[in-house]
Every structure is written in C-alpha cells, then in structure tokens.
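Data block for upload-v3.csv (CSV, C-alpha atoms):
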chain,number,residue,atom,x,y,z
A,1,MET,CA,9.7,-16.7,-28.5
A,2,PRO,CA,8.9,-20.3,-29.4
A,3,VAL,CA,5.7,-21.8,-28.0
A,4,ASN,CA,6.4,-23.9,-24.9
A,5,SER,CA,3.5,-25.1,-22.9
A,6,VAL,CA,5.8,-26.4,-20.1
A,7,ALA,CA,7.5,-23.0,-19.7
A,8,GLU,CA,4.1,-21.3,-19.8
A,9,ASN,CA,2.7,-23.4,-17.0
A,10,VAL,CA,5.9,-23.3,-14.9
A,11,PHE,CA,6.1,-19.5,-15.0
A,12,GLY,CA,2.3,-19.2,-14.6
A,13,THR,CA,2.5,-21.5,-11.5
A,14,ILE,CA,5.3,-19.4,-10.0
A,15,GLY,CA,3.3,-16.3,-10.6
A,16,THR,CA,0.2,-17.9,-9.0
A,17,ILE,CA,2.2,-18.9,-5.9
A,18,CYS,CA,3.5,-15.3,-5.6
A,19,TRP,CA,0.0,-13.8,-6.0
A,20,THR,CA,-1.4,-16.4,-3.6
A,21,VAL,CA,0.9,-15.6,-0.8
A,22,GLN,CA,1.6,-11.9,-1.7
A,23,LEU,CA,-1.0,-10.5,0.7
A,24,VAL,CA,-0.1,-12.9,3.5
A,25,PRO,CA,2.7,-10.5,4.8
A,26,GLN,CA,0.3,-7.6,4.7
A,27,LEU,CA,-2.4,-9.6,6.5
A,28,TRP,CA,0.1,-10.7,9.1
A,29,LYS,CA,1.5,-7.1,9.5
A,30,SER,CA,-1.9,-5.7,10.1
A,31,TYR,CA,-2.8,-8.5,12.5
A,32,LYS,CA,0.4,-8.2,14.5
A,33,GLU,CA,0.3,-4.5,14.8
A,34,LYS,CA,-3.5,-4.4,15.3
A,35,SER,CA,-3.4,-1.4,13.0
A,36,THR,CA,-3.9,-0.5,9.3
A,37,GLU,CA,-2.8,3.1,9.6
A,38,GLY,CA,-1.1,4.1,6.3
A,39,LEU,CA,-2.8,1.4,4.3
A,40,SER,CA,-5.5,2.7,2.1
A,41,PRO,CA,-8.7,0.6,2.3
A,42,TRP,CA,-9.6,1.8,-1.2
A,43,LEU,CA,-6.4,0.1,-2.5
A,44,VAL,CA,-7.3,-3.4,-1.3
A,45,LEU,CA,-11.0,-3.0,-2.0
A,46,THR,CA,-10.5,-1.9,-5.6
A,47,TRP,CA,-7.9,-4.7,-6.1
A,48,GLY,CA,-10.4,-7.2,-4.7
A,49,ILE,CA,-13.1,-6.0,-7.2
A,50,SER,CA,-10.6,-6.1,-10.1
A,51,GLY,CA,-10.1,-9.8,-9.3
A,52,ALA,CA,-13.6,-10.6,-10.4
A,53,PHE,CA,-13.2,-8.9,-13.7
A,54,LEU,CA,-9.7,-10.4,-14.3
A,55,GLY,CA,-11.0,-13.8,-13.2
A,56,ALA,CA,-13.9,-13.8,-15.7
A,57,TYR,CA,-11.5,-12.6,-18.4
A,58,SER,CA,-9.0,-15.4,-17.8
A,59,VAL,CA,-11.8,-18.1,-17.6
A,60,VAL,CA,-13.4,-17.0,-20.9
A,61,LEU,CA,-10.1,-16.9,-22.7
A,62,ASP,CA,-9.2,-20.3,-21.3
A,63,LEU,CA,-5.8,-19.3,-20.1
A,64,ASN,CA,-3.6,-21.8,-18.3
A,65,ILE,CA,-4.9,-23.1,-14.9
A,66,PRO,CA,-2.4,-21.0,-12.8
A,67,LEU,CA,-3.4,-17.8,-14.5
A,68,ILE,CA,-7.1,-18.7,-13.9
A,69,VAL,CA,-6.4,-19.3,-10.2
A,70,GLN,CA,-4.4,-16.1,-9.8
A,71,PRO,CA,-7.2,-13.5,-9.8
A,72,GLN,CA,-9.4,-15.7,-7.5
A,73,CYS,CA,-6.7,-15.8,-4.8
A,74,PHE,CA,-5.8,-12.2,-5.4
A,75,GLY,CA,-9.4,-11.0,-5.0
A,76,VAL,CA,-10.2,-13.0,-1.9
A,77,LEU,CA,-7.0,-12.0,0.0
A,78,ALA,CA,-7.5,-8.3,-1.0
A,79,ILE,CA,-11.0,-8.3,0.4
A,80,LEU,CA,-9.7,-9.9,3.6
A,81,SER,CA,-7.1,-7.1,3.9
A,82,TRP,CA,-10.0,-4.6,3.4
A,83,ALA,CA,-11.9,-6.4,6.2
A,84,GLN,CA,-8.9,-5.7,8.5
A,85,CYS,CA,-9.1,-2.0,7.5
A,86,GLN,CA,-12.7,-2.0,8.6
A,87,TYR,CA,-12.0,-3.8,11.9
A,88,TYR,CA,-8.7,-2.1,13.0
A,89,GLY,CA,-9.0,1.2,11.2
A,90,LEU,CA,-12.8,2.1,11.5
A,91,LYS,CA,-13.3,0.0,14.6
A,92,ARG,CA,-16.4,-1.8,13.2
A,93,SER,CA,-17.7,-4.8,15.2
A,94,PRO,CA,-16.6,-8.3,14.2
A,95,THR,CA,-20.1,-9.3,13.2
A,96,THR,CA,-20.5,-6.3,10.9
A,97,VAL,CA,-17.1,-6.9,9.3
A,98,VAL,CA,-17.8,-10.6,8.7
A,99,LEU,CA,-21.2,-9.8,7.1
A,100,MET,CA,-19.8,-7.1,4.9
A,101,THR,CA,-16.9,-9.3,3.8
A,102,LEU,CA,-19.1,-12.3,2.9
A,103,GLY,CA,-21.5,-10.0,1.1
A,104,ILE,CA,-18.8,-8.5,-1.1
A,105,LEU,CA,-17.3,-11.9,-1.8
A,106,ALA,CA,-20.8,-13.2,-2.8
A,107,VAL,CA,-21.4,-10.3,-5.1
A,108,MET,CA,-18.0,-10.8,-6.7
A,109,ALA,CA,-18.5,-14.5,-7.2
A,110,GLY,CA,-22.0,-14.0,-8.7
A,111,PHE,CA,-20.7,-11.3,-11.1
A,112,GLU,CA,-17.8,-13.4,-12.3
A,113,THR,CA,-20.0,-16.4,-12.9
A,114,ALA,CA,-22.6,-14.4,-14.8
A,115,MET,CA,-19.9,-12.8,-17.0
A,116,VAL,CA,-18.4,-16.3,-17.8
A,117,PHE,CA,-21.8,-17.7,-18.8
A,118,ALA,CA,-22.8,-14.6,-20.7
A,119,LEU,CA,-19.6,-14.2,-22.7
A,120,ARG,CA,-18.1,-17.7,-23.2
A,121,HIS,CA,-20.4,-18.8,-26.0
A,122,PRO,CA,-20.4,-15.5,-28.0
A,123,TYR,CA,-16.6,-15.3,-27.7
A,124,ASN,CA,-16.1,-18.9,-28.8
A,125,SER,CA,-18.4,-18.1,-31.7
A,126,HIS,CA,-16.2,-15.2,-32.7
A,127,THR,CA,-19.0,-12.7,-32.5
A,128,GLU,CA,-18.2,-9.0,-32.2
A,129,ALA,CA,-20.3,-8.7,-29.0
A,130,GLY,CA,-18.4,-11.5,-27.4
A,131,GLU,CA,-15.0,-10.2,-28.3
A,132,ARG,CA,-15.8,-6.7,-27.2
A,133,GLY,CA,-17.2,-7.9,-23.9
A,134,VAL,CA,-14.1,-9.9,-23.1
A,135,GLN,CA,-11.9,-7.0,-24.1
A,136,PHE,CA,-13.9,-4.8,-21.7
A,137,LEU,CA,-13.3,-7.2,-18.8
A,138,GLY,CA,-9.6,-7.2,-19.4
A,139,ILE,CA,-9.2,-3.5,-20.0
A,140,PHE,CA,-11.4,-2.5,-17.0
A,141,SER,CA,-9.4,-4.8,-14.7
A,142,SER,CA,-6.2,-3.1,-15.8
A,143,VAL,CA,-7.8,0.3,-15.1
A,144,LEU,CA,-9.0,-0.7,-11.6
A,145,ILE,CA,-5.6,-2.1,-10.7
A,146,SER,CA,-3.9,1.1,-11.9
A,147,LEU,CA,-6.4,3.5,-10.2
A,148,ALA,CA,-6.3,1.4,-6.9
A,149,LEU,CA,-2.8,2.6,-6.1
A,150,LEU,CA,-3.7,6.3,-6.4
A,151,PRO,CA,-5.2,6.5,-2.8
A,152,GLN,CA,-2.1,4.7,-1.5
A,153,TYR,CA,0.1,7.3,-3.2
A,154,PHE,CA,-2.0,10.0,-1.5
A,155,GLU,CA,-1.3,8.3,1.8
A,156,ILE,CA,2.4,8.2,1.1
A,157,ARG,CA,2.4,11.9,0.2
A,158,ARG,CA,0.4,12.8,3.3
A,159,LEU,CA,2.6,10.9,5.7
A,160,LYS,CA,5.8,11.6,3.7
A,161,GLU,CA,6.8,7.9,4.1
A,162,VAL,CA,5.5,4.4,3.4
A,163,VAL,CA,3.6,3.3,6.5
A,164,GLY,CA,1.2,0.5,7.1
A,165,ILE,CA,1.9,-1.3,3.8
A,166,SER,CA,4.2,-4.3,3.9
A,167,ILE,CA,7.2,-4.0,1.6
A,168,SER,CA,7.4,-7.8,1.4
A,169,PHE,CA,3.9,-7.7,0.1
A,170,MET,CA,4.9,-5.2,-2.6
A,171,VAL,CA,8.0,-7.2,-3.6
A,172,VAL,CA,6.1,-10.5,-3.9
A,173,ASP,CA,3.3,-8.8,-5.8
A,174,LEU,CA,5.8,-7.4,-8.2
A,175,LEU,CA,7.4,-10.8,-8.8
A,176,GLY,CA,4.0,-12.3,-9.4
A,177,GLY,CA,3.6,-9.8,-12.3
A,178,VAL,CA,7.0,-10.6,-13.7
A,179,PHE,CA,6.4,-14.4,-13.8
A,180,SER,CA,2.9,-14.0,-15.1
A,181,ASP,CA,4.3,-11.8,-18.0
A,182,LEU,CA,6.9,-14.5,-18.7
A,183,SER,CA,4.1,-17.1,-18.8
A,184,LEU,CA,2.3,-15.2,-21.5
A,185,VAL,CA,5.5,-15.0,-23.6
A,186,PHE,CA,5.4,-18.8,-24.2
A,187,ARG,CA,1.8,-18.9,-25.2
A,188,ASP,CA,0.9,-19.7,-28.8
A,189,LYS,CA,-1.0,-16.3,-28.9
A,190,PHE,CA,0.4,-13.5,-26.8
A,191,ASP,CA,-2.4,-11.8,-24.8
A,192,VAL,CA,-1.7,-8.1,-24.9
A,193,ILE,CA,-4.4,-7.0,-22.4
A,194,ALA,CA,-3.3,-9.5,-19.8
A,195,ALA,CA,0.3,-8.5,-20.4
A,196,ILE,CA,-0.6,-4.8,-19.8
A,197,THR,CA,-2.4,-5.7,-16.6
A,198,TYR,CA,0.6,-7.7,-15.2
A,199,SER,CA,3.1,-5.0,-16.4
A,200,LEU,CA,1.1,-2.3,-14.6
A,201,VAL,CA,1.4,-4.2,-11.4
A,202,ILE,CA,5.1,-4.4,-11.8
A,203,VAL,CA,5.4,-0.6,-12.5
A,204,LEU,CA,3.0,0.6,-9.8
A,205,ASP,CA,4.4,-1.7,-7.1
A,206,GLY,CA,7.9,-0.7,-8.1
A,207,LEU,CA,7.0,3.0,-7.4
A,208,VAL,CA,5.8,2.1,-3.9
A,209,ILE,CA,9.1,0.2,-3.2
A,210,LEU,CA,11.1,3.1,-4.6
A,211,ALA,CA,9.2,5.6,-2.4
A,212,ALA,CA,9.9,3.4,0.7
A,213,LEU,CA,13.7,3.3,-0.2
A,214,ILE,CA,13.8,7.1,-0.5
A,215,LEU,CA,11.3,8.5,2.0
A,216,ASN,CA,11.5,6.1,4.9
A,217,PRO,CA,15.2,6.8,5.7
A,218,ARG,CA,14.4,10.6,5.5
A,219,ALA,CA,11.5,10.1,7.9
A,220,ALA,CA,13.7,8.2,10.3
A,221,LYS,CA,16.3,11.0,10.3
A,222,ARG,CA,13.5,13.6,10.8
A,223,ARG,CA,12.2,11.8,13.8
A,224,GLN,CA,15.7,11.5,15.2
A,225,ARG,CA,16.2,15.3,14.9
A,226,GLU,CA,12.8,15.9,16.6
A,227,LEU,CA,13.9,13.7,19.5
A,228,GLU,CA,17.2,15.5,19.8
A,229,LEU,CA,15.4,18.9,19.9
A,230,ALA,CA,13.0,17.6,22.5
A,231,ALA,CA,15.9,16.7,24.7
A,232,THR,CA,17.0,20.4,24.9
A,233,PRO,CA,13.8,22.3,25.9
A,234,SER,CA,15.5,25.6,26.7
A,235,VAL,CA,16.8,25.8,23.1
A,236,VAL,CA,13.4,24.9,21.7
A,237,GLU,CA,11.6,27.5,23.9
A,238,ALA,CA,14.1,30.2,23.0
A,239,ALA,CA,13.6,29.4,19.3
A,240,THR,CA,9.8,30.1,19.7
A,241,LEU,CA,10.4,33.6,21.2
A,242,PRO,CA,10.9,36.9,19.3
A,243,TYR,CA,14.5,37.6,18.3
A,244,SER,CA,15.2,40.1,21.1
A,245,GLU,CA,13.6,37.9,23.8
A,246,SER,CA,15.4,34.8,22.5
A,247,ARG,CA,18.7,36.6,22.9
A,248,THR,CA,17.9,37.4,26.5
A,249,VAL,CA,17.0,33.8,27.3
A,250,THR,CA,20.1,32.5,25.6
A,251,ALA,CA,22.3,35.1,27.4
A,252,ALA,CA,20.7,34.2,30.8
A,253,THR,CA,21.2,30.5,30.4
A,254,SER,CA,24.8,31.1,29.4
A,255,ARG,CA,25.7,32.9,32.7
A,256,CYS,CA,27.4,31.1,35.5
A,257,PRO,CA,25.3,30.1,38.5
A,258,SER,CA,27.0,32.6,40.8
A,259,GLU,CA,26.0,35.5,38.6
A,260,LEU,CA,22.4,34.3,38.6
A,261,ARG,CA,22.4,33.9,42.4
A,262,LEU,CA,23.8,37.4,43.1
A,263,GLU,CA,21.5,39.0,40.6
A,264,GLY,CA,18.4,37.9,42.6
A,265,SER,CA,19.7,38.9,46.1
A,266,GLU,CA,21.0,42.0,47.9
A,267,LYS,CA,24.7,42.8,48.3
A,268,PRO,CA,26.5,41.4,51.3
A,269,ASP,CA,27.0,44.9,52.8
A,270,ASP,CA,23.3,45.7,52.6
A,271,ILE,CA,22.4,42.5,54.3
A,272,VAL,CA,24.8,43.3,57.3
A,273,THR,CA,23.5,46.9,57.5
A,274,GLY,CA,19.9,45.7,57.5
A,275,THR,CA,20.5,43.4,60.5
A,276,THR,CA,22.1,46.0,62.8
Whole structure given in structure tokens:
Amino acid sequence: MPVNSVAENVFGTIGTICWTVQLVPQLWKSYKEKSTEGLSPWLVLTWGISGAFLGAYSVVLDLNIPLIVQPQCFGVLAILSWAQCQYYGLKRSPTTVVLMTLGILAVMAGFETAMVFALRHPYNSHTEAGERGVQFLGIFSSVLISLALLPQYFEIRRLKEVVGISISFMVVDLLGGVFSDLSLVFRDKFDVIAAITYSLVIVLDGLVILAALILNPRAAKRRQRELELAATPSVVEAATLPYSESRTVTAATSRCPSELRLEGSEKPDDIVTGTT
C-alpha cells in the first residue's frame, strides 16, 4: 500500500473514537443493572494494565496521535469497569473502590512515564537495549490482551451463555481493532507488533460475539423449557419417582374424578346398612 499520512490519521482517529467509547456501553450496562455478574473482573483489570504497556510502546515509537491516545483511553475505561466489578460484584464500599482505582491508575501512569523516559533515548539511538525494550512492551501488551479474555471464556463456559458483558462493547472494540490495523497499513513503516495486538483484539472479540450468537438463543430456549416444566408439577414430580411409582402416579392422575371419589369411600349399600 502507498504511504498516505491522511489515510493513516483518518483510520487511526476512527479507531481511537471506537476505543474511546467502546467501554461506555459496558459501563452503562453494569450501572443500569447494578450488577457485573458474568463479566470477569480479571478481563477488564488485565486490559487496563495492558494499556500502560501499549501506551508506552506507542509513545516511544512516535506513532500518530490517535494511536497514542488509544491505549490511554482504553486503559482508564477498563479500570473504571473493574471498579464497577469491585462495587457491584464484591460489594466493596465506595471509599475503598475509589482509593483502589486511583491507586492503580497512579501506578499505571508512573510505569508508563518511566518506560518512556527510560527507552526513548536508547531507541532513537538505535541501541540493541532500546530496541529490545520497546519490543518487549509491544509483545507483552499483546500477551496481556490475549490472556485477559481467557477468564471471560471460562465465565461463558460456566454459564453456558454470554452474560454480563455488553455485545455492543465487543462490536465497537472489534471495529477499533479493524480501523487501527488499517491505520498501520498506510504508514511508511508497517508496525508488525502493533498489528498483531490489534488483530488479536479482532479475533478474540469475534469469538465472544460468535459465542453470544450461538449460546444465548440456546440458553433462552432452555429457560423456556424449564418454565414449561415448572407449570406442570405433577409431571415433574412423577419424573423424579422410581419407574413403578411414577406409573402409579400417572395412572392415578389419569382417572376420572368419580373413580377417585368412589375409591376413597364406602359403597352406597354399605352406607345405608350402617345407618339402620
């Protein structure tokens, strides 16, 4: 592809917008439902931490402004989502959640700043240590982003459906990866590590969306069947009995009311004889 700084910045800006607002649907969903059940706190925490590594990487490499802003917004919003998991899920006090959140953000900001100052000069001087250090930041951020979804996959397997995580969030996150990849295509030097990171987001988010499309309708049908069974208690009770007893219960419930009434009383002649 030909080098095109305008296309690079346009696609990078669109990707930034996607990754700026991507977690907003998730934050709103958790706030509206006052619950984060089904959303793995390890997912959003690990994604938040990966933002510091990817942020330092993009700054040292002097990527376009949108691609530098992306990991900052991504990391902050991910940590806010983690804070919701602490408040709604673990029922921690507001003060504790605020202090924990500010502490993590401060550590992330300090780490990113330190990495930029430590690696910018060695990297620009083309030293081996500088290049290896920058490569480590990029590769490790990719590893964190990939591993972060493993706990979420475990939650999906445990619940047998996608619960607690906003599908709108996943779709916008996936689109952010697509446009960020396109932005890299028009650079004068294609960044392989950044491309791997963005592509992993596309693949892993796509798996969650695919799981929702397959498992959620099945889960809805399963709950509908459970409601239908709950509406017929005699059948449910008979199904829990041994085979011989369940046949007796079924036969008894299939008799007409007159047979059941006579079976529990004396014959009419006996009643007359008993009264004389």
Distance in Å - atom CA of A:Asp188 versus atom CA of A:Leu137: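 Separation of atom CA of A:Asp188 and atom CA of A:Leu137: 21.4 Å.
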Who sits within 7 Å of A:Pro66, all atoms listed in the file, same chain under 3 positions skipped, as a ChimeraX atom specification: /A:12-13,16,69-70
Contact residues around A:Gly89 with all atoms listed in the file at 9 Å, ignoring same-chain residues under 5 positions, as a ChimeraX atom specification: /A:34-37,41,84
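Atom CA of A:Ala106 sits 27.9 Å away from atom CA of A:Ala195.
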Residue nearest A:Leu147 among A:Thr197, A:Thr96, A:Ser81, A:Ser5 (counting only C-alpha atoms): A:Thr197
Two-atom distance - atom CA of A:Phe169, atom CA of A:Gln22 (Å):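 Between atom CA of A:Phe169 and atom CA of A:Gln22 the gap is 5.1 Å.
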Counting only C-alpha atoms, the residue of A:Gln135, A:Thr232, A:Asn216, A:Ser93 that sits nearest A:Ala194: A:Gln135
Counting only C-alpha atoms, the residue of A:Ala211, A:Val172, A:Leu43, A:Val10 that sits nearest A:Leu23: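 Of A:Ala211, A:Val172, A:Leu43, A:Val10, the one nearest A:Leu23, counting only C-alpha atoms, is A:Val172.
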Residue among A:Phe179, A:Tyr88, A:Leu204, A:Lys160 lying closest to A:Arg223, counting all atoms listed in the file: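 Nearest to A:Arg223: A:Lys160.
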Closest of A:Val116, A:Val44, A:Leu39, A:Leu77 to A:Ile167 - atom-to-atom distances counting only C-alpha atoms: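 So, comparing all the options, the nearest one is A:Leu39.
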Take stretch 157-168 of chain A, model all heavy atoms, and hand the result over as a PDB file, keeping the file's coordinate frame.
ATOM      1  N   ARG A 157       2.117  10.430   0.260  1.00  0.00           N
ATOM      2  CA  ARG A 157       2.400  11.900   0.200  1.00  0.00           C
ATOM      3  C   ARG A 157       1.995  12.567   1.501  1.00  0.00           C
ATOM      4  O   ARG A 157       2.703  13.447   1.991  1.00  0.00           O
ATOM      5  CB  ARG A 157       1.658  12.503  -0.970  1.00  0.00           C
ATOM      6  CG  ARG A 157       1.912  13.997  -1.122  1.00  0.00           C
ATOM      7  CD  ARG A 157       1.158  14.577  -2.289  1.00  0.00           C
ATOM      8  NE  ARG A 157       1.392  16.011  -2.409  1.00  0.00           N
ATOM      9  CZ  ARG A 157       0.822  16.788  -3.321  1.00  0.00           C
ATOM     10  NH1 ARG A 157      -0.013  16.259  -4.206  1.00  0.00           N
ATOM     11  NH2 ARG A 157       1.077  18.083  -3.344  1.00  0.00           N
ATOM     12  N   ARG A 158       0.862  12.166   2.073  1.00  0.00           N
ATOM     13  CA  ARG A 158       0.400  12.800   3.300  1.00  0.00           C
ATOM     14  C   ARG A 158       1.322  12.499   4.477  1.00  0.00           C
ATOM     15  O   ARG A 158       1.645  13.397   5.267  1.00  0.00           O
ATOM     16  CB  ARG A 158      -1.029  12.287   3.631  1.00  0.00           C
ATOM     17  CG  ARG A 158      -1.637  12.883   4.901  1.00  0.00           C
ATOM     18  CD  ARG A 158      -3.045  12.370   5.100  1.00  0.00           C
ATOM     19  NE  ARG A 158      -3.071  10.953   5.398  1.00  0.00           N
ATOM     20  CZ  ARG A 158      -2.930  10.448   6.623  1.00  0.00           C
ATOM     21  NH1 ARG A 158      -2.741  11.254   7.666  1.00  0.00           N
ATOM     22  NH2 ARG A 158      -2.991   9.143   6.823  1.00  0.00           N
ATOM     23  N   LEU A 159       1.761  11.256   4.586  1.00  0.00           N
ATOM     24  CA  LEU A 159       2.600  10.900   5.700  1.00  0.00           C
ATOM     25  C   LEU A 159       4.103  11.091   5.434  1.00  0.00           C
ATOM     26  O   LEU A 159       4.916  10.998   6.351  1.00  0.00           O
ATOM     27  CB  LEU A 159       2.399   9.375   6.021  1.00  0.00           C
ATOM     28  CG  LEU A 159       0.976   8.990   6.454  1.00  0.00           C
ATOM     29  CD1 LEU A 159       0.845   7.477   6.539  1.00  0.00           C
ATOM     30  CD2 LEU A 159       0.626   9.639   7.778  1.00  0.00           C
ATOM     31  N   LYS A 160       4.447  11.355   4.161  1.00  0.00           N
ATOM     32  CA  LYS A 160       5.800  11.600   3.700  1.00  0.00           C
ATOM     33  C   LYS A 160       6.713  10.350   4.002  1.00  0.00           C
ATOM     34  O   LYS A 160       7.926  10.478   4.194  1.00  0.00           O
ATOM     35  CB  LYS A 160       6.421  12.815   4.415  1.00  0.00           C
ATOM     36  CG  LYS A 160       5.697  14.098   4.043  1.00  0.00           C
ATOM     37  CD  LYS A 160       6.325  15.304   4.717  1.00  0.00           C
ATOM     38  CE  LYS A 160       5.594  16.584   4.332  1.00  0.00           C
ATOM     39  NZ  LYS A 160       6.166  17.774   4.985  1.00  0.00           N
ATOM     40  N   GLU A 161       6.102   9.195   4.013  1.00  0.00           N
ATOM     41  CA  GLU A 161       6.800   7.900   4.100  1.00  0.00           C
ATOM     42  C   GLU A 161       5.824   6.802   3.838  1.00  0.00           C
ATOM     43  O   GLU A 161       4.609   7.012   3.790  1.00  0.00           O
ATOM     44  CB  GLU A 161       7.443   7.744   5.504  1.00  0.00           C
ATOM     45  CG  GLU A 161       6.460   7.726   6.660  1.00  0.00           C
ATOM     46  CD  GLU A 161       7.141   7.538   8.000  1.00  0.00           C
ATOM     47  OE1 GLU A 161       8.045   6.682   8.076  1.00  0.00           O
ATOM     48  OE2 GLU A 161       6.788   8.239   8.957  1.00  0.00           O
ATOM     49  N   VAL A 162       6.360   5.591   3.626  1.00  0.00           N
ATOM     50  CA  VAL A 162       5.500   4.400   3.400  1.00  0.00           C
ATOM     51  C   VAL A 162       5.240   3.745   4.693  1.00  0.00           C
ATOM     52  O   VAL A 162       6.130   3.124   5.280  1.00  0.00           O
ATOM     53  CB  VAL A 162       6.190   3.463   2.377  1.00  0.00           C
ATOM     54  CG1 VAL A 162       5.289   2.254   2.119  1.00  0.00           C
ATOM     55  CG2 VAL A 162       6.504   4.174   1.069  1.00  0.00           C
ATOM     56  N   VAL A 163       4.003   3.875   5.181  1.00  0.00           N
ATOM     57  CA  VAL A 163       3.600   3.300   6.500  1.00  0.00           C
ATOM     58  C   VAL A 163       2.401   2.443   6.291  1.00  0.00           C
ATOM     59  O   VAL A 163       1.517   2.735   5.492  1.00  0.00           O
ATOM     60  CB  VAL A 163       3.274   4.470   7.471  1.00  0.00           C
ATOM     61  CG1 VAL A 163       2.859   3.904   8.818  1.00  0.00           C
ATOM     62  CG2 VAL A 163       4.459   5.403   7.637  1.00  0.00           C
ATOM     63  N   GLY A 164       2.355   1.367   7.046  1.00  0.00           N
ATOM     64  CA  GLY A 164       1.200   0.500   7.100  1.00  0.00           C
ATOM     65  C   GLY A 164       1.128  -0.541   5.993  1.00  0.00           C
ATOM     66  O   GLY A 164       0.421  -1.532   6.130  1.00  0.00           O
ATOM     67  N   ILE A 165       1.870  -0.345   4.904  1.00  0.00           N
ATOM     68  CA  ILE A 165       1.900  -1.300   3.800  1.00  0.00           C
ATOM     69  C   ILE A 165       3.158  -2.117   3.862  1.00  0.00           C
ATOM     70  O   ILE A 165       4.244  -1.562   4.010  1.00  0.00           O
ATOM     71  CB  ILE A 165       1.671  -0.624   2.457  1.00  0.00           C
ATOM     72  CG1 ILE A 165       1.422  -1.656   1.365  1.00  0.00           C
ATOM     73  CG2 ILE A 165       2.846   0.256   2.103  1.00  0.00           C
ATOM     74  CD1 ILE A 165       0.884  -1.048   0.083  1.00  0.00           C
ATOM     75  N   SER A 166       3.044  -3.424   3.772  1.00  0.00           N
ATOM     76  CA  SER A 166       4.200  -4.300   3.900  1.00  0.00           C
ATOM     77  C   SER A 166       5.033  -4.251   2.601  1.00  0.00           C
ATOM     78  O   SER A 166       4.514  -4.468   1.496  1.00  0.00           O
ATOM     79  CB  SER A 166       3.743  -5.753   4.144  1.00  0.00           C
ATOM     80  OG  SER A 166       4.817  -6.647   4.031  1.00  0.00           O
ATOM     81  N   ILE A 167       6.325  -3.978   2.745  1.00  0.00           N
ATOM     82  CA  ILE A 167       7.200  -4.000   1.600  1.00  0.00           C
ATOM     83  C   ILE A 167       7.374  -5.375   1.030  1.00  0.00           C
ATOM     84  O   ILE A 167       7.509  -5.567  -0.187  1.00  0.00           O
ATOM     85  CB  ILE A 167       8.579  -3.357   1.960  1.00  0.00           C
ATOM     86  CG1 ILE A 167       8.387  -1.920   2.466  1.00  0.00           C
ATOM     87  CG2 ILE A 167       9.517  -3.367   0.764  1.00  0.00           C
ATOM     88  CD1 ILE A 167       7.710  -0.996   1.489  1.00  0.00           C
ATOM     89  N   SER A 168       7.360  -6.381   1.911  1.00  0.00           N
ATOM     90  CA  SER A 168       7.400  -7.800   1.400  1.00  0.00           C
ATOM     91  C   SER A 168       6.232  -8.070   0.521  1.00  0.00           C
ATOM     92  O   SER A 168       6.368  -8.751  -0.503  1.00  0.00           O
ATOM     93  CB  SER A 168       7.421  -8.732   2.623  1.00  0.00           C
ATOM     94  OG  SER A 168       8.535  -8.514   3.455  1.00  0.00           O
TER      95      SER A 168
END
